[in-house]
file my_file_16.pdb (PDB, C-alpha atoms)
ATOM      1  CA  MET A  13     -14.568  -6.011 -13.539
ATOM      2  CA  PRO A  14     -12.946  -8.522 -11.226
ATOM      3  CA  GLU A  15     -15.348 -10.031  -8.711
ATOM      4  CA  LEU A  16     -12.965 -12.531  -7.196
ATOM      5  CA  GLY A  17     -10.821 -11.958  -4.139
ATOM      6  CA  PHE A  18      -7.137 -12.438  -3.408
ATOM      7  CA  VAL A  19      -5.729 -13.817  -0.192
ATOM      8  CA  VAL A  20      -3.003 -11.852   1.571
ATOM      9  CA  HIS A  21      -0.812 -13.737   4.003
ATOM     10  CA  PRO A  22       0.847 -11.565   6.650
ATOM     11  CA  ILE A  23       4.637 -11.584   6.410
ATOM     12  CA  GLY A  24       4.855 -10.664  10.081
ATOM     13  CA  CYS A  25       3.404  -8.358  12.676
ATOM     14  CA  VAL A  26       3.961  -5.185  14.675
ATOM     15  CA  ARG A  27       5.346  -5.341  18.229
ATOM     16  CA  SER A  28       4.604  -1.975  19.789
ATOM     17  CA  SER A  29       3.978  -0.278  23.119
ATOM     18  CA  LEU A  30       0.693   0.963  21.587
ATOM     19  CA  THR A  31      -1.988  -1.550  22.473
ATOM     20  CA  ASN A  32      -5.298  -0.005  21.435
ATOM     21  CA  ARG A  33      -6.732   2.255  18.749
ATOM     22  CA  ALA A  34      -7.755   4.951  21.224
ATOM     23  CA  GLU A  35      -4.170   5.696  22.236
ATOM     24  CA  ALA A  36      -2.658   5.406  18.742
ATOM     25  CA  PRO A  37      -1.905   8.677  16.925
ATOM     26  CA  ARG A  38      -3.693   9.057  13.597
ATOM     27  CA  GLN A  39      -0.383   9.362  11.723
ATOM     28  CA  GLY A  40       3.147   8.312  12.598
ATOM     29  CA  SER A  41       4.264  11.935  12.422
ATOM     30  CA  GLU A  42       1.856  12.812  15.241
ATOM     31  CA  GLY A  43       3.972  11.432  18.074
ATOM     32  CA  ALA A  44       4.014   7.693  17.353
ATOM     33  CA  PRO A  45       6.744   5.568  18.960
ATOM     34  CA  ASP A  46       9.280   3.300  17.336
ATOM     35  CA  ALA A  47       8.185  -0.320  17.079
ATOM     36  CA  TRP A  48       9.542  -3.698  16.037
ATOM     37  CA  ILE A  49       8.340  -5.567  13.001
ATOM     38  CA  GLU A  50       8.705  -9.309  13.501
ATOM     39  CA  VAL A  51       8.968 -10.966  10.119
ATOM     40  CA  ASN A  52       8.042 -14.664   9.913
ATOM     41  CA  ARG A  53      11.209 -16.712   9.393
ATOM     42  CA  GLU A  54       9.979 -18.095   6.084
ATOM     43  CA  PHE A  55      10.088 -14.547   4.655
ATOM     44  CA  ALA A  56      13.269 -13.296   6.370
ATOM     45  CA  GLU A  57      15.364 -13.698   3.215
ATOM     46  CA  GLY A  58      13.261 -10.940   1.679
ATOM     47  CA  LEU A  59      14.825  -8.447   4.087
ATOM     48  CA  ASP A  60      18.320  -8.761   2.559
ATOM     49  CA  GLY A  61      19.496  -5.351   1.462
ATOM     50  CA  ILE A  62      17.561  -3.297   4.022
ATOM     51  CA  ASP A  63      19.923  -1.085   6.042
ATOM     52  CA  VAL A  64      19.670   1.089   9.143
ATOM     53  CA  GLY A  65      18.642   4.574   8.061
ATOM     54  CA  ASP A  66      16.620   3.386   5.064
ATOM     55  CA  GLN A  67      13.166   4.823   4.534
ATOM     56  CA  LEU A  68      10.504   2.180   4.056
ATOM     57  CA  ILE A  69       6.800   2.034   3.403
ATOM     58  CA  VAL A  70       5.244  -0.506   5.760
ATOM     59  CA  ILE A  71       1.927  -1.887   4.534
ATOM     60  CA  THR A  72      -0.269  -3.166   7.347
ATOM     61  CA  TRP A  73      -3.691  -4.773   7.603
ATOM     62  CA  PHE A  74      -5.920  -2.868  10.031
ATOM     63  CA  HIS A  75      -7.391  -6.006  11.544
ATOM     64  CA  LEU A  76      -9.796  -4.057  13.811
ATOM     65  CA  ALA A  77     -11.256  -1.933  11.001
ATOM     66  CA  SER A  78     -14.815  -1.933   9.669
ATOM     67  CA  ARG A  79     -14.808  -2.970   6.020
ATOM     68  CA  ASP A  80     -18.343  -1.861   5.132
ATOM     69  CA  VAL A  81     -17.690   1.856   5.645
ATOM     70  CA  LEU A  82     -17.620   4.073   2.523
ATOM     71  CA  GLU A  83     -17.872   7.552   4.072
ATOM     72  CA  VAL A  84     -16.413   9.001   7.262
ATOM     73  CA  HIS A  85     -16.013  12.288   9.079
ATOM     74  CA  PRO A  86     -12.279  12.947   8.519
ATOM     75  CA  ARG A  87     -10.198  12.544  11.659
ATOM     76  CA  GLY A  88     -13.318  11.295  13.476
ATOM     77  CA  ASP A  89     -14.532  14.870  13.924
ATOM     78  CA  VAL A  90     -18.253  15.275  13.151
ATOM     79  CA  ARG A  91     -17.614  18.921  12.264
ATOM     80  CA  ASN A  92     -15.825  17.618   9.157
ATOM     81  CA  PRO A  93     -18.348  16.776   6.416
ATOM     82  CA  LEU A  94     -18.842  13.139   5.410
ATOM     83  CA  THR A  95     -16.153  12.222   2.899
ATOM     84  CA  GLY A  96     -15.535   9.117   0.808
ATOM     85  CA  VAL A  97     -13.006   6.824   2.460
ATOM     86  CA  PHE A  98     -10.821   6.859  -0.674
ATOM     87  CA  ALA A  99     -10.301  10.603  -0.092
ATOM     88  CA  THR A 100      -9.179   9.921   3.505
ATOM     89  CA  ARG A 101      -6.707   7.814   5.468
ATOM     90  CA  SER A 102      -9.465   6.242   7.578
ATOM     91  CA  PRO A 103      -8.560   2.698   8.677
ATOM     92  CA  ASP A 104     -12.223   1.833   8.095
ATOM     93  CA  ARG A 105     -12.465   1.059   4.347
ATOM     94  CA  PRO A 106     -13.261  -1.924   2.081
ATOM     95  CA  ASN A 107      -9.680  -3.234   2.108
ATOM     96  CA  PRO A 108      -8.179  -1.920   5.366
ATOM     97  CA  LEU A 109      -4.571  -1.505   4.274
ATOM     98  CA  GLY A 110      -2.388   0.977   6.129
ATOM     99  CA  LEU A 111       0.588   2.795   4.612
ATOM    100  CA  HIS A 112       3.270   3.952   7.030
ATOM    101  CA  ARG A 113       6.444   5.738   6.037
ATOM    102  CA  VAL A 114       9.147   4.883   8.562
ATOM    103  CA  THR A 115      12.897   4.971   9.063
ATOM    104  CA  VAL A 116      14.802   1.770   9.852
ATOM    105  CA  ARG A 117      16.384   2.145  13.313
ATOM    106  CA  GLU A 118      17.852  -1.304  13.968
ATOM    107  CA  LEU A 119      18.125  -4.750  12.358
ATOM    108  CA  ALA A 120      18.201  -8.079  14.219
ATOM    109  CA  ALA A 121      17.818 -11.342  12.276
ATOM    110  CA  ASN A 122      14.142 -11.447  11.276
ATOM    111  CA  ARG A 123      13.178  -8.318  13.206
ATOM    112  CA  ILE A 124      13.384  -4.671  12.148
ATOM    113  CA  LYS A 125      12.974  -1.719  14.464
ATOM    114  CA  VAL A 126      11.285   1.180  12.656
ATOM    115  CA  GLY A 127       9.670   4.452  13.492
ATOM    116  CA  PRO A 128       7.630   6.390  13.936
ATOM    117  CA  LEU A 129       4.808   3.850  13.597
ATOM    118  CA  GLU A 130       1.241   4.450  14.747
ATOM    119  CA  ALA A 131       0.031   0.856  14.166
ATOM    120  CA  ILE A 132      -0.851  -0.977  17.371
ATOM    121  CA  ASP A 133       0.719  -4.123  18.804
ATOM    122  CA  GLY A 134      -0.315  -7.223  16.879
ATOM    123  CA  THR A 135      -1.175  -5.427  13.637
ATOM    124  CA  PRO A 136      -0.414  -7.781  10.729
ATOM    125  CA  VAL A 137       2.272  -6.592   8.289
ATOM    126  CA  ILE A 138       1.574  -7.367   4.644
ATOM    127  CA  ASP A 139       4.544  -5.874   2.790
ATOM    128  CA  LEU A 140       7.605  -3.631   3.053
ATOM    129  CA  LYS A 141       8.839  -1.433   0.212
ATOM    130  CA  PRO A 142      11.650   1.073  -0.149
ATOM    131  CA  VAL A 143      10.762   4.736  -0.581
ATOM    132  CA  LEU A 144      11.721   5.757  -4.107
ATOM    133  CA  LEU A 145      14.170   8.622  -3.850
ATOM    134  CA  GLN A 146      13.652   9.919  -7.377
ATOM    135  CA  THR A 147      10.156  11.002  -6.432
ATOM    136  CA  ALA A 148      10.879  11.583  -2.733
ATOM    137  CA  ASP A 149       7.783   9.587  -1.856
ATOM    138  CA  SER A 150       5.605   6.516  -2.015
TER     139      SER A 150
ATOM    140  CA  MET B  12       2.559 -14.485  14.673
ATOM    141  CA  PRO B  13      -0.590 -14.477  12.533
ATOM    142  CA  GLU B  14      -0.846 -17.500  10.260
ATOM    143  CA  LEU B  15      -4.246 -16.742   8.832
ATOM    144  CA  GLY B  16      -4.951 -14.875   5.629
ATOM    145  CA  PHE B  17      -7.180 -11.955   4.769
ATOM    146  CA  VAL B  18      -9.245 -11.663   1.604
ATOM    147  CA  VAL B  19      -8.942  -8.484  -0.439
ATOM    148  CA  HIS B  20     -11.782  -7.686  -2.801
ATOM    149  CA  PRO B  21     -10.829  -5.391  -5.684
ATOM    150  CA  ILE B  22     -12.669  -2.088  -5.644
ATOM    151  CA  GLY B  23     -12.135  -1.744  -9.382
ATOM    152  CA  CYS B  24      -9.554  -2.119 -12.098
ATOM    153  CA  VAL B  25      -7.169  -0.260 -14.385
ATOM    154  CA  ARG B  26      -8.142   0.562 -17.970
ATOM    155  CA  SER B  27      -4.924   1.436 -19.768
ATOM    156  CA  SER B  28      -3.295   1.426 -23.176
ATOM    157  CA  LEU B  29      -0.542  -0.713 -21.595
ATOM    158  CA  THR B  30      -1.465  -4.338 -22.143
ATOM    159  CA  ASN B  31       1.543  -6.382 -21.069
ATOM    160  CA  ARG B  32       4.325  -6.315 -18.495
ATOM    161  CA  ALA B  33       7.050  -6.132 -21.148
ATOM    162  CA  GLU B  34       5.925  -2.722 -22.395
ATOM    163  CA  ALA B  35       5.125  -1.265 -18.976
ATOM    164  CA  PRO B  36       7.668   1.139 -17.461
ATOM    165  CA  ARG B  37       9.044   0.033 -14.093
ATOM    166  CA  GLN B  38       7.786   3.221 -12.427
ATOM    167  CA  GLY B  39       5.122   5.726 -13.377
ATOM    168  CA  SER B  40       7.745   8.460 -13.572
ATOM    169  CA  GLU B  41       9.522   6.541 -16.332
ATOM    170  CA  GLY B  42       7.163   7.479 -19.132
ATOM    171  CA  ALA B  43       3.913   5.777 -18.102
ATOM    172  CA  PRO B  44       0.660   7.004 -19.648
ATOM    173  CA  ASP B  45      -2.488   8.252 -17.983
ATOM    174  CA  ALA B  46      -5.100   5.566 -17.366
ATOM    175  CA  TRP B  47      -8.661   5.204 -16.127
ATOM    176  CA  ILE B  48      -9.552   3.502 -12.891
ATOM    177  CA  GLU B  49     -13.012   1.977 -13.089
ATOM    178  CA  VAL B  50     -14.418   1.676  -9.606
ATOM    179  CA  ASN B  51     -17.177  -0.908  -9.037
ATOM    180  CA  ARG B  52     -20.473   0.910  -8.515
ATOM    181  CA  GLU B  53     -20.928  -0.551  -5.041
ATOM    182  CA  PHE B  54     -17.825   1.383  -3.927
ATOM    183  CA  ALA B  55     -18.371   4.618  -5.905
ATOM    184  CA  GLU B  56     -19.599   6.516  -2.811
ATOM    185  CA  GLY B  57     -16.072   6.128  -1.408
ATOM    186  CA  LEU B  58     -14.793   8.510  -4.099
ATOM    187  CA  ASP B  59     -16.696  11.529  -2.707
ATOM    188  CA  GLY B  60     -14.243  14.296  -1.962
ATOM    189  CA  ILE B  61     -11.636  13.392  -4.584
ATOM    190  CA  ASP B  62     -10.949  16.341  -6.889
ATOM    191  CA  VAL B  63      -9.086  16.918 -10.153
ATOM    192  CA  GLY B  64      -5.495  17.796  -9.309
ATOM    193  CA  ASP B  65      -5.395  15.705  -6.130
ATOM    194  CA  GLN B  66      -2.429  13.420  -5.560
ATOM    195  CA  LEU B  67      -3.417   9.868  -4.729
ATOM    196  CA  ILE B  68      -1.703   6.621  -3.869
ATOM    197  CA  VAL B  69      -3.277   3.860  -5.942
ATOM    198  CA  ILE B  70      -2.794   0.389  -4.447
ATOM    199  CA  THR B  71      -2.985  -2.360  -7.037
ATOM    200  CA  TRP B  72      -2.728  -6.148  -6.984
ATOM    201  CA  PHE B  73      -0.100  -7.377  -9.451
ATOM    202  CA  HIS B  74      -2.181 -10.311 -10.638
ATOM    203  CA  LEU B  75       0.565 -11.627 -12.922
ATOM    204  CA  ALA B  76       3.271 -11.654 -10.235
ATOM    205  CA  SER B  77       5.070 -14.654  -8.730
ATOM    206  CA  ARG B  78       4.333 -14.850  -5.018
ATOM    207  CA  ASP B  79       7.077 -17.330  -4.068
ATOM    208  CA  VAL B  80       9.976 -14.999  -4.924
ATOM    209  CA  LEU B  81      12.016 -13.588  -2.003
ATOM    210  CA  GLU B  82      15.098 -12.280  -3.823
ATOM    211  CA  VAL B  83      15.491 -10.550  -7.190
ATOM    212  CA  HIS B  84      18.065  -8.758  -9.273
ATOM    213  CA  PRO B  85      16.856  -5.145  -8.976
ATOM    214  CA  ARG B  86      15.334  -3.786 -12.174
ATOM    215  CA  GLY B  87      15.688  -7.268 -13.701
ATOM    216  CA  ASP B  88      19.383  -6.613 -14.411
ATOM    217  CA  VAL B  89      21.569  -9.609 -13.484
ATOM    218  CA  ARG B  90      24.497  -7.218 -12.922
ATOM    219  CA  ASN B  91      22.637  -6.033  -9.818
ATOM    220  CA  PRO B  92      23.258  -8.409  -6.893
ATOM    221  CA  LEU B  93      20.384 -10.512  -5.573
ATOM    222  CA  THR B  94      18.393  -8.410  -3.125
ATOM    223  CA  GLY B  95      15.483  -9.201  -0.809
ATOM    224  CA  VAL B  96      12.177  -8.248  -2.381
ATOM    225  CA  PHE B  97      11.276  -6.063   0.618
ATOM    226  CA  ALA B  98      14.248  -3.849  -0.288
ATOM    227  CA  THR B  99      12.943  -3.496  -3.873
ATOM    228  CA  ARG B 100       9.817  -2.511  -5.779
ATOM    229  CA  SER B 101       9.685  -5.852  -7.592
ATOM    230  CA  PRO B 102       6.110  -6.864  -8.452
ATOM    231  CA  ASP B 103       7.168 -10.434  -7.610
ATOM    232  CA  ARG B 104       6.776 -10.727  -3.809
ATOM    233  CA  PRO B 105       4.679 -12.654  -1.263
ATOM    234  CA  ASN B 106       1.787 -10.169  -1.355
ATOM    235  CA  PRO B 107       2.044  -8.508  -4.782
ATOM    236  CA  LEU B 108       0.703  -5.072  -3.911
ATOM    237  CA  GLY B 109       1.719  -2.126  -6.068
ATOM    238  CA  LEU B 110       1.920   1.480  -4.856
ATOM    239  CA  HIS B 111       1.515   4.181  -7.460
ATOM    240  CA  ARG B 112       1.564   7.894  -6.789
ATOM    241  CA  VAL B 113      -0.614   9.629  -9.353
ATOM    242  CA  THR B 114      -2.398  12.891 -10.055
ATOM    243  CA  VAL B 115      -6.151  12.941 -10.668
ATOM    244  CA  ARG B 116      -6.775  14.231 -14.218
ATOM    245  CA  GLU B 117     -10.527  13.778 -14.660
ATOM    246  CA  LEU B 118     -13.588  12.487 -12.791
ATOM    247  CA  ALA B 119     -16.606  10.786 -14.373
ATOM    248  CA  ALA B 120     -19.172   9.048 -12.146
ATOM    249  CA  ASN B 121     -17.425   5.881 -10.969
ATOM    250  CA  ARG B 122     -14.298   6.382 -13.092
ATOM    251  CA  ILE B 123     -11.180   8.407 -12.356
ATOM    252  CA  LYS B 124      -8.514   9.296 -14.883
ATOM    253  CA  VAL B 125      -5.093   9.368 -13.237
ATOM    254  CA  GLY B 126      -1.500   9.465 -14.275
ATOM    255  CA  PRO B 127       1.178   8.582 -14.764
ATOM    256  CA  LEU B 128       0.345   4.930 -14.073
ATOM    257  CA  GLU B 129       2.555   2.004 -15.105
ATOM    258  CA  ALA B 130       0.039  -0.728 -14.161
ATOM    259  CA  ILE B 131      -1.283  -2.649 -17.150
ATOM    260  CA  ASP B 132      -4.857  -2.924 -18.399
ATOM    261  CA  GLY B 133      -6.955  -5.161 -16.183
ATOM    262  CA  THR B 134      -4.822  -4.766 -13.065
ATOM    263  CA  PRO B 135      -7.103  -5.008 -10.006
ATOM    264  CA  VAL B 136      -7.257  -1.885  -7.823
ATOM    265  CA  ILE B 137      -7.426  -2.556  -4.085
ATOM    266  CA  ASP B 138      -7.458   0.899  -2.510
ATOM    267  CA  LEU B 139      -7.025   4.628  -3.108
ATOM    268  CA  LYS B 140      -5.576   6.995  -0.519
ATOM    269  CA  PRO B 141      -4.742  10.701  -0.506
ATOM    270  CA  VAL B 142      -1.094  11.722  -0.336
ATOM    271  CA  LEU B 143      -0.505  13.352   3.031
ATOM    272  CA  LEU B 144       0.807  16.829   2.399
ATOM    273  CA  GLN B 145       2.349  17.338   5.831
ATOM    274  CA  THR B 146       4.965  14.728   4.969
ATOM    275  CA  ALA B 147       4.947  15.351   1.207
ATOM    276  CA  ASP B 148       4.654  11.630   0.632
ATOM    277  CA  SER B 149       3.032   8.260   1.170
TER     278      SER B 149
END

call {"tool": "encode", "arguments": {"input": "my_file_16.pdb", "output": "structure tokens"}}
result
Amino acid sequence: MPELGFVVHPIGCVRSSLTNRAEAPRQGSEGAPDAWIEVNREFAEGLDGIDVGDQLIVITWFHLASRDVLEVHPRGDVRNPLTGVFATRSPDRPNPLGLHRVTVRELAANRIKVGPLEAIDGTPVIDLKPVLLQTADS
Amino acid sequence: MPELGFVVHPIGCVRSSLTNRAEAPRQGSEGAPDAWIEVNREFAEGLDGIDVGDQLIVITWFHLASRDVLEVHPRGDVRNPLTGVFATRSPDRPNPLGLHRVTVRELAANRIKVGPLEAIDGTPVIDLKPVLLQTADS
């Protein structure tokens, strides 16, 4: 069982009109705006091949999350019974990674406009991956 | 632009009959076997609410990947033009996270049998998330 840790280095960050968790929708499909992803110049070459209209999975690091939470009331509603975080999309979890399926709206050098994206301004971006069409998901 | 890093601590690891990258399919849908995920006991409470038949996204850390690669020939075929890693599912990338959509086959205390899973034996597991049905993906 691995006990060590691995260091993730953000490849960029989210630039969004959403500035705090309270105003952010819980999922992109729940009314989130488009947002820019600013990719650090050292990683910009990794964007080659991404086109407007592509569907991507954006992986973020929820930098405001609590990492010692193992159970939550889903959707923050105490009427929902306590549930293990691995059965929910809670941002509070041991490794607070967020998965966001978005469409590419616009490309500009080392920036990509995508949407809808519920992550708030300043959220670190860890990775981008294409959606695999053969399975229509993830 | 964040320059710092974040430390991910594996929540468990993959126990699979696949033991090296050469024999592993490139995607789970390409003939991968079922495999066990052993979750460290300190995180087992986070599994509450996961049921047999659920669809999960398993997030792994490709511990054998090269992290300084920004362009690859997709599917390792030199006939495919060099493409930015963020437009591919290459395991070689700055933060070598893997996304795997699987179905839960069996539950046993702190272990979950899932499949199909193309990650090899010993691959660290970073997170588990439910597939969101309202978008049928990610």

call {"tool": "interface_residues", "arguments": {"input": "my_file_16.pdb", "of": "chain B", "to": "chain A", "cutoff": "6 Å", "atoms": "only C-alpha atoms", "output": "PyMOL selection string"}}
result
chain B and resi 16-20+57-61+81-82+94-98+106+139-141+148-149

call {"tool": "resolve_selection", "arguments": {"input": "my_file_16.pdb", "expression": "the PyMOL selection byres ((chain A and resi 133) around 10)", "output": "list in words"}}
result
Cys25, Val26, Arg27, Ser28, Ser29, Leu30, Thr31, Asn32, Arg33, Ala47, Trp48, Ile49, Glu130, Ala131, Ile132, Gly134, Thr135 and Pro136 of chain A

call {"tool": "write_last_selection", "arguments": {"input": "my_file_16.pdb", "atoms": "C-alpha atoms", "output": "compact mmCIF listing (two decimals), in the coordinates of the input"}}
result
# COMPACT_ATOMS: atom_id res chain seq x y z
CA CYS A 25 3.40 -8.36 12.68
CA VAL A 26 3.96 -5.18 14.68
CA ARG A 27 5.35 -5.34 18.23
CA SER A 28 4.60 -1.98 19.79
CA SER A 29 3.98 -0.28 23.12
CA LEU A 30 0.69 0.96 21.59
CA THR A 31 -1.99 -1.55 22.47
CA ASN A 32 -5.30 0.00 21.44
CA ARG A 33 -6.73 2.26 18.75
CA ALA A 47 8.18 -0.32 17.08
CA TRP A 48 9.54 -3.70 16.04
CA ILE A 49 8.34 -5.57 13.00
CA GLU A 130 1.24 4.45 14.75
CA ALA A 131 0.03 0.86 14.17
CA ILE A 132 -0.85 -0.98 17.37
CA GLY A 134 -0.32 -7.22 16.88
CA THR A 135 -1.18 -5.43 13.64
CA PRO A 136 -0.41 -7.78 10.73

call {"tool": "atom_distance", "arguments": {"input": "my_file_16.pdb", "atom1": "atom CA of Ile124 of chain A", "atom2": "atom CA of Asp46 of chain A"}}
result
10.4 Å

call {"tool": "atom_distance", "arguments": {"input": "my_file_16.pdb", "atom1": "atom CA of Pro45 of chain A", "atom2": "atom CA of Leu119 of chain A"}}
result
16.7 Å

call {"tool": "axis_aligned_box", "arguments": {"input": "my_file_16.pdb", "around": "segment 104-113 of chain A", "padding_each_side": "4 Å", "output": "lines of an AutoDock Vina configuration file"}}
result
center_x = -3.4
center_y = 1.3
center_z = 5.1
size_x = 27.7
size_y = 17.0
size_z = 14.0

call {"tool": "atom_distance", "arguments": {"input": "my_file_16.pdb", "atom1": "atom CA of Pro85 of chain B", "atom2": "atom CA of Arg37 of chain B"}}
result
10.7 Å

call {"tool": "closest_residue", "arguments": {"input": "my_file_16.pdb", "among": "B:Val89, B:Leu75, B:Ala35, B:Val63", "to": "Thr114 of chain B", "atoms": "all atoms listed in the file"}}
result
B:Val63

call {"tool": "decode", "arguments": {"input": "my_file_16.pdb", "residues": "segment 63-71 of chain A", "atoms": "all heavy atoms", "output": "PDB file, in the first residue's frame"}}
result
ATOM      1  N   ASP A  63      -9.140  21.909 -30.396  1.00  0.00           N
ATOM      2  CA  ASP A  63      -9.878  22.778 -31.319  1.00  0.00           C
ATOM      3  C   ASP A  63     -11.158  23.299 -30.676  1.00  0.00           C
ATOM      4  O   ASP A  63     -11.711  22.670 -29.765  1.00  0.00           O
ATOM      5  CB  ASP A  63     -10.255  21.993 -32.586  1.00  0.00           C
ATOM      6  CG  ASP A  63      -9.043  21.680 -33.443  1.00  0.00           C
ATOM      7  OD1 ASP A  63      -8.183  22.573 -33.612  1.00  0.00           O
ATOM      8  OD2 ASP A  63      -8.944  20.528 -33.922  1.00  0.00           O
ATOM      9  N   VAL A  64     -11.635  24.422 -31.191  1.00  0.00           N
ATOM     10  CA  VAL A  64     -12.935  24.961 -30.769  1.00  0.00           C
ATOM     11  C   VAL A  64     -14.008  23.902 -31.042  1.00  0.00           C
ATOM     12  O   VAL A  64     -14.015  23.275 -32.107  1.00  0.00           O
ATOM     13  CB  VAL A  64     -13.247  26.276 -31.508  1.00  0.00           C
ATOM     14  CG1 VAL A  64     -14.690  26.723 -31.232  1.00  0.00           C
ATOM     15  CG2 VAL A  64     -12.265  27.365 -31.070  1.00  0.00           C
ATOM     16  N   GLY A  65     -14.874  23.696 -30.082  1.00  0.00           N
ATOM     17  CA  GLY A  65     -15.922  22.693 -30.217  1.00  0.00           C
ATOM     18  C   GLY A  65     -15.577  21.368 -29.553  1.00  0.00           C
ATOM     19  O   GLY A  65     -16.463  20.544 -29.320  1.00  0.00           O
ATOM     20  N   ASP A  66     -14.285  21.152 -29.260  1.00  0.00           N
ATOM     21  CA  ASP A  66     -13.901  19.906 -28.593  1.00  0.00           C
ATOM     22  C   ASP A  66     -14.522  19.828 -27.202  1.00  0.00           C
ATOM     23  O   ASP A  66     -14.738  20.844 -26.547  1.00  0.00           O
ATOM     24  CB  ASP A  66     -12.374  19.818 -28.417  1.00  0.00           C
ATOM     25  CG  ASP A  66     -11.642  19.506 -29.717  1.00  0.00           C
ATOM     26  OD1 ASP A  66     -12.309  19.298 -30.742  1.00  0.00           O
ATOM     27  OD2 ASP A  66     -10.395  19.498 -29.688  1.00  0.00           O
ATOM     28  N   GLN A  67     -14.758  18.598 -26.769  1.00  0.00           N
ATOM     29  CA  GLN A  67     -15.197  18.366 -25.396  1.00  0.00           C
ATOM     30  C   GLN A  67     -13.995  17.905 -24.596  1.00  0.00           C
ATOM     31  O   GLN A  67     -13.279  16.980 -25.007  1.00  0.00           O
ATOM     32  CB  GLN A  67     -16.270  17.283 -25.373  1.00  0.00           C
ATOM     33  CG  GLN A  67     -17.487  17.643 -26.189  1.00  0.00           C
ATOM     34  CD  GLN A  67     -18.707  17.741 -25.336  1.00  0.00           C
ATOM     35  OE1 GLN A  67     -19.081  16.784 -24.682  1.00  0.00           O
ATOM     36  NE2 GLN A  67     -19.327  18.906 -25.322  1.00  0.00           N
ATOM     37  N   LEU A  68     -13.768  18.583 -23.483  1.00  0.00           N
ATOM     38  CA  LEU A  68     -12.620  18.274 -22.629  1.00  0.00           C
ATOM     39  C   LEU A  68     -13.086  17.963 -21.214  1.00  0.00           C
ATOM     40  O   LEU A  68     -14.132  18.443 -20.769  1.00  0.00           O
ATOM     41  CB  LEU A  68     -11.669  19.474 -22.528  1.00  0.00           C
ATOM     42  CG  LEU A  68     -10.937  19.954 -23.766  1.00  0.00           C
ATOM     43  CD1 LEU A  68     -10.039  21.147 -23.382  1.00  0.00           C
ATOM     44  CD2 LEU A  68     -10.078  18.850 -24.353  1.00  0.00           C
ATOM     45  N   ILE A  69     -12.256  17.184 -20.519  1.00  0.00           N
ATOM     46  CA  ILE A  69     -12.385  17.065 -19.072  1.00  0.00           C
ATOM     47  C   ILE A  69     -11.299  17.944 -18.465  1.00  0.00           C
ATOM     48  O   ILE A  69     -10.108  17.742 -18.726  1.00  0.00           O
ATOM     49  CB  ILE A  69     -12.165  15.614 -18.587  1.00  0.00           C
ATOM     50  CG1 ILE A  69     -13.053  14.625 -19.331  1.00  0.00           C
ATOM     51  CG2 ILE A  69     -12.362  15.536 -17.072  1.00  0.00           C
ATOM     52  CD1 ILE A  69     -14.503  14.710 -19.019  1.00  0.00           C
ATOM     53  N   VAL A  70     -11.710  18.940 -17.703  1.00  0.00           N
ATOM     54  CA  VAL A  70     -10.778  19.784 -16.963  1.00  0.00           C
ATOM     55  C   VAL A  70     -10.647  19.197 -15.563  1.00  0.00           C
ATOM     56  O   VAL A  70     -11.658  18.918 -14.911  1.00  0.00           O
ATOM     57  CB  VAL A  70     -11.292  21.230 -16.861  1.00  0.00           C
ATOM     58  CG1 VAL A  70     -10.320  22.095 -16.055  1.00  0.00           C
ATOM     59  CG2 VAL A  70     -11.524  21.823 -18.244  1.00  0.00           C
ATOM     60  N   ILE A  71      -9.401  18.970 -15.133  1.00  0.00           N
ATOM     61  CA  ILE A  71      -9.178  18.489 -13.772  1.00  0.00           C
ATOM     62  C   ILE A  71      -8.613  19.649 -12.959  1.00  0.00           C
ATOM     63  O   ILE A  71      -7.574  20.210 -13.303  1.00  0.00           O
ATOM     64  CB  ILE A  71      -8.226  17.279 -13.727  1.00  0.00           C
ATOM     65  CG1 ILE A  71      -8.744  16.153 -14.640  1.00  0.00           C
ATOM     66  CG2 ILE A  71      -8.060  16.777 -12.288  1.00  0.00           C
ATOM     67  CD1 ILE A  71      -7.876  14.896 -14.632  1.00  0.00           C
TER      68      ILE A  71
END
